[in-house]
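J.: Questions regarding the structure given below will be posed in turn.
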Amino acid sequence: MHVRQPRVLVRPASRCDGRLLHGGIGELATKLTWLQSGHPLQISIGRVPLSLFIHEKNLQKRALRRYQEFAANSPKSLPIFLRPANPMRRGRGEFSYVLDDASVELDSSGAEFHGVRHEYALDSLLRILLTAVLLPQRGFLLHAASVVRDGRAYIFAGRSGAGKSTVASLSPAGTVLTDEISLLRFSDGYWQAYGTPFWGEFRAAGMNRHFPIAGIYFLTQDRQDRFVTLSAKQVLRALLPCVLFFSSEKRANESLFSTLLNFVDLVPAHRLHFRRSPDFWRVIAA
């Protein structure tokens, strides 16, 4: 599912630095009184710990079911408070984004989601939030399926209809990290792919695990299986339309571009022509 990008509100002073994740926890005392009766849903996506404070019980249950594979406790998690819709508050955070009737605000004390009425809106706002939080950590979200083979992750990228869910469905059971939105980070000295709960048509719930990246393959459905190695310029041209990003701020875009250049420099990239058959793995293995 492609996240729509209707309106972006980014403060001129917006800065996606480490303080957005770990700073300002002591400022939360007044916010925590808002949900004295329960505990947050604590999850971790791509080693980004998050605490979801959800007041509405039905949404809380749906979120627990949707993100149960990613449940994790951390004392340094980023707090996310779900609030009723409030158009007057939109754009007050260091990073803000409006998606239809819902919105996200991020500052040094945490994040707020406004107007979330169902789990699909929650899912979309989490993706938007992660693009900002991952930026200073040399990470990004990509429209791609990630499949594990022999202990390494193979990334199959493309826009809607390219064949990401097809590749996932043709892969062995238990090997799909995600079939729609991949989380890629440079960590522990190399690029790695992390499982996410953001699924597509294949509805792979995702695995909360990570693996070193073997290569990235941009998908083209064809009558035969073959791949072509791409130049750095060709990789960037194919990669950019598949990256999820929601900031128009110059510094943030420069940071993203620097991260993508590093990814292109270190990760082998190819154009994969494939049929609707698992035989494409023979081409890749060869």
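Chain labels run A, B, ... following the order of the structure tokens; each chain numbers its residues from 1, and ligands are numbered from 1 in the order shown.
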Give me every strand (DSSP E or B) residue in segment 134-227 of chain A, going by DSSP on the backbone, as a short mmCIF file (atom, residue, chain, number, x, y, z; two decimals) with N, CA and C atoms, in the first residue's frame.

T.:
```cif
data_model
loop_
_atom_site.label_atom_id
_atom_site.label_comp_id
_atom_site.auth_asym_id
_atom_site.auth_seq_id
_atom_site.Cartn_x
_atom_site.Cartn_y
_atom_site.Cartn_z
N GLY A 139 18.99 5.25 8.22
CA GLY A 139 17.99 4.27 7.84
C GLY A 139 16.88 4.92 7.04
N PHE A 140 16.12 4.08 6.32
CA PHE A 140 14.99 4.60 5.55
C PHE A 140 14.01 3.47 5.26
N LEU A 141 12.79 3.84 4.89
CA LEU A 141 11.77 2.89 4.48
C LEU A 141 11.67 2.87 2.97
N LEU A 142 11.43 1.68 2.43
CA LEU A 142 11.44 1.48 0.99
C LEU A 142 10.26 0.61 0.59
N HIS A 143 9.61 0.97 -0.53
CA HIS A 143 8.59 0.09 -1.10
C HIS A 143 9.31 -1.13 -1.68
N ALA A 144 9.37 -2.17 -0.88
CA ALA A 144 10.13 -3.36 -1.27
C ALA A 144 9.74 -4.54 -0.40
N ALA A 145 9.83 -5.73 -0.98
CA ALA A 145 9.72 -6.96 -0.21
C ALA A 145 11.13 -7.40 0.18
N SER A 146 11.25 -7.97 1.38
CA SER A 146 12.53 -8.49 1.84
C SER A 146 12.38 -9.97 2.15
N VAL A 147 13.21 -10.78 1.52
CA VAL A 147 13.12 -12.24 1.67
C VAL A 147 14.49 -12.77 2.08
N VAL A 148 14.51 -13.67 3.06
CA VAL A 148 15.76 -14.21 3.60
C VAL A 148 16.09 -15.53 2.91
N ARG A 149 17.34 -15.64 2.50
CA ARG A 149 17.83 -16.88 1.88
C ARG A 149 19.29 -17.08 2.31
N ARG A 152 20.89 -14.29 4.50
CA ARG A 152 21.01 -12.93 3.99
C ARG A 152 19.68 -12.47 3.41
N ALA A 153 19.48 -11.16 3.40
CA ALA A 153 18.23 -10.59 2.93
C ALA A 153 18.36 -10.11 1.48
N TYR A 154 17.39 -10.49 0.68
CA TYR A 154 17.30 -10.03 -0.71
C TYR A 154 16.13 -9.04 -0.79
N ILE A 155 16.42 -7.87 -1.32
CA ILE A 155 15.44 -6.79 -1.37
C ILE A 155 14.87 -6.70 -2.78
N PHE A 156 13.55 -6.79 -2.91
CA PHE A 156 12.87 -6.72 -4.20
C PHE A 156 12.01 -5.47 -4.22
N ALA A 157 12.47 -4.46 -4.95
CA ALA A 157 11.87 -3.13 -4.88
C ALA A 157 11.01 -2.83 -6.10
N VAL A 176 9.89 -14.57 4.58
CA VAL A 176 9.52 -13.20 4.20
C VAL A 176 9.62 -12.28 5.41
N LEU A 177 10.53 -11.32 5.35
CA LEU A 177 10.61 -10.30 6.39
C LEU A 177 9.46 -9.32 6.26
N THR A 178 9.14 -8.94 5.05
CA THR A 178 8.01 -8.07 4.74
C THR A 178 7.74 -8.17 3.25
N ILE A 181 6.70 -2.96 2.70
CA ILE A 181 7.53 -1.85 3.16
C ILE A 181 8.73 -2.41 3.92
N SER A 182 9.93 -2.23 3.36
CA SER A 182 11.16 -2.71 3.99
C SER A 182 11.82 -1.58 4.77
N LEU A 183 12.44 -1.94 5.88
CA LEU A 183 13.20 -1.00 6.68
C LEU A 183 14.67 -1.38 6.55
N LEU A 184 15.47 -0.46 6.02
CA LEU A 184 16.88 -0.71 5.75
C LEU A 184 17.71 0.26 6.59
N ARG A 185 18.71 -0.29 7.30
CA ARG A 185 19.56 0.53 8.16
C ARG A 185 21.00 0.09 8.06
N PHE A 186 21.90 1.07 8.17
CA PHE A 186 23.31 0.76 8.30
C PHE A 186 23.61 0.61 9.78
N SER A 187 23.86 -0.62 10.20
CA SER A 187 24.12 -0.88 11.61
C SER A 187 25.13 -2.01 11.75
N TYR A 190 27.44 -2.65 8.55
CA TYR A 190 26.98 -2.98 7.20
C TYR A 190 25.47 -2.75 7.11
N TRP A 191 24.98 -2.75 5.87
CA TRP A 191 23.56 -2.52 5.63
C TRP A 191 22.76 -3.78 5.95
N GLN A 192 21.66 -3.59 6.68
CA GLN A 192 20.82 -4.70 7.08
C GLN A 192 19.35 -4.40 6.78
N ALA A 193 18.59 -5.46 6.57
CA ALA A 193 17.15 -5.36 6.36
C ALA A 193 16.44 -5.85 7.61
N TYR A 194 15.46 -5.09 8.05
CA TYR A 194 14.69 -5.41 9.24
C TYR A 194 13.25 -5.74 8.86
N HIS A 210 16.46 -9.25 11.76
CA HIS A 210 17.20 -8.50 10.76
C HIS A 210 18.35 -9.34 10.23
N PHE A 211 18.73 -9.06 8.98
CA PHE A 211 19.76 -9.83 8.29
C PHE A 211 20.57 -8.90 7.39
N PRO A 212 21.85 -9.23 7.18
CA PRO A 212 22.66 -8.44 6.24
C PRO A 212 22.09 -8.54 4.83
N ILE A 213 22.21 -7.47 4.09
CA ILE A 213 21.61 -7.40 2.76
C ILE A 213 22.57 -7.99 1.72
N ALA A 214 22.06 -8.95 0.96
CA ALA A 214 22.85 -9.55 -0.12
C ALA A 214 22.83 -8.68 -1.37
N GLY A 215 21.70 -8.03 -1.63
CA GLY A 215 21.57 -7.19 -2.82
C GLY A 215 20.15 -6.69 -2.95
N ILE A 216 19.97 -5.71 -3.82
CA ILE A 216 18.65 -5.18 -4.10
C ILE A 216 18.32 -5.42 -5.57
N TYR A 217 17.08 -5.82 -5.83
CA TYR A 217 16.62 -6.16 -7.18
C TYR A 217 15.37 -5.36 -7.50
N PHE A 218 15.45 -4.54 -8.55
CA PHE A 218 14.29 -3.77 -8.99
C PHE A 218 13.51 -4.62 -9.98
N LEU A 219 12.21 -4.76 -9.72
CA LEU A 219 11.41 -5.78 -10.39
C LEU A 219 10.82 -5.34 -11.72
N THR A 220 10.89 -6.26 -12.68
CA THR A 220 10.21 -6.11 -13.96
C THR A 220 9.65 -7.47 -14.35
N GLN A 221 8.33 -7.57 -14.45
CA GLN A 221 7.72 -8.84 -14.85
C GLN A 221 7.95 -9.06 -16.34
N ARG A 226 15.95 -13.25 -15.75
CA ARG A 226 17.31 -12.77 -15.96
C ARG A 226 17.50 -11.51 -15.13
N PHE A 227 18.75 -11.15 -14.88
CA PHE A 227 18.98 -9.89 -14.19
C PHE A 227 20.12 -9.14 -14.85
#
```

J.: Could you tell me, as number ranges by chain, which residues of segment 28-212 of chain A DSSP assigns to helix (DSSP H, G or I) when given the backbone?

T.: A: 28-35, 57-66, 68-70, 87-89, 119-137, 164-169

J.: Can you tell me how far atom CA of Thr196 of chain A sits from atom CA of Glu180 of chain A, in Å to one decimal?

T.: 8.9 Å

J.: Show which residues sit within 9 Å of segment 124-136 of chain A, as number ranges by chain. Count only C-alpha atoms, and ignore same-chain residues fewer than 5 positions away.

T.: A: 3, 16-18, 20-21, 45-46, 48, 95, 97, 99, 102-106, 111, 113, 116, 119, 141, 181, 185, 198, 244-247, 252, 255-256, 259

J.: In Å, how far is it from atom CA of Ser51 of chain A to atom CA of Leu78 of chain A?

T.: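 Atom-to-atom, atom CA of Ser51 of chain A and atom CA of Leu78 of chain A are spaced 5.9 Å apart.
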
J.: With only C-alpha atoms as the basis for distance, which of A:Gln60, A:Glu249, A:Ile284, A:Ser74 is at the shortest distance from Glu94 of chain A?

T.: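 Looking only at the distances to Glu94 of chain A, the closest residue turns out to be A:Glu249.
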
J.: Report, in Å to a single decimal, how far apart atom CA of Pro268 of chain A and atom CA of Ala238 of chain A are.

T.: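 About the pair atom CA of Ala238 of chain A and atom CA of Pro268 of chain A: they are 13.4 Å apart.
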
J.: Env of segment 56-58 of chain A: 9 Å cut, atoms = only C-alpha atoms, seq-sep filter 5 positions within chain, self excluded. Answer as a VMD selection string.

T.: chain A and resid 63 82 118
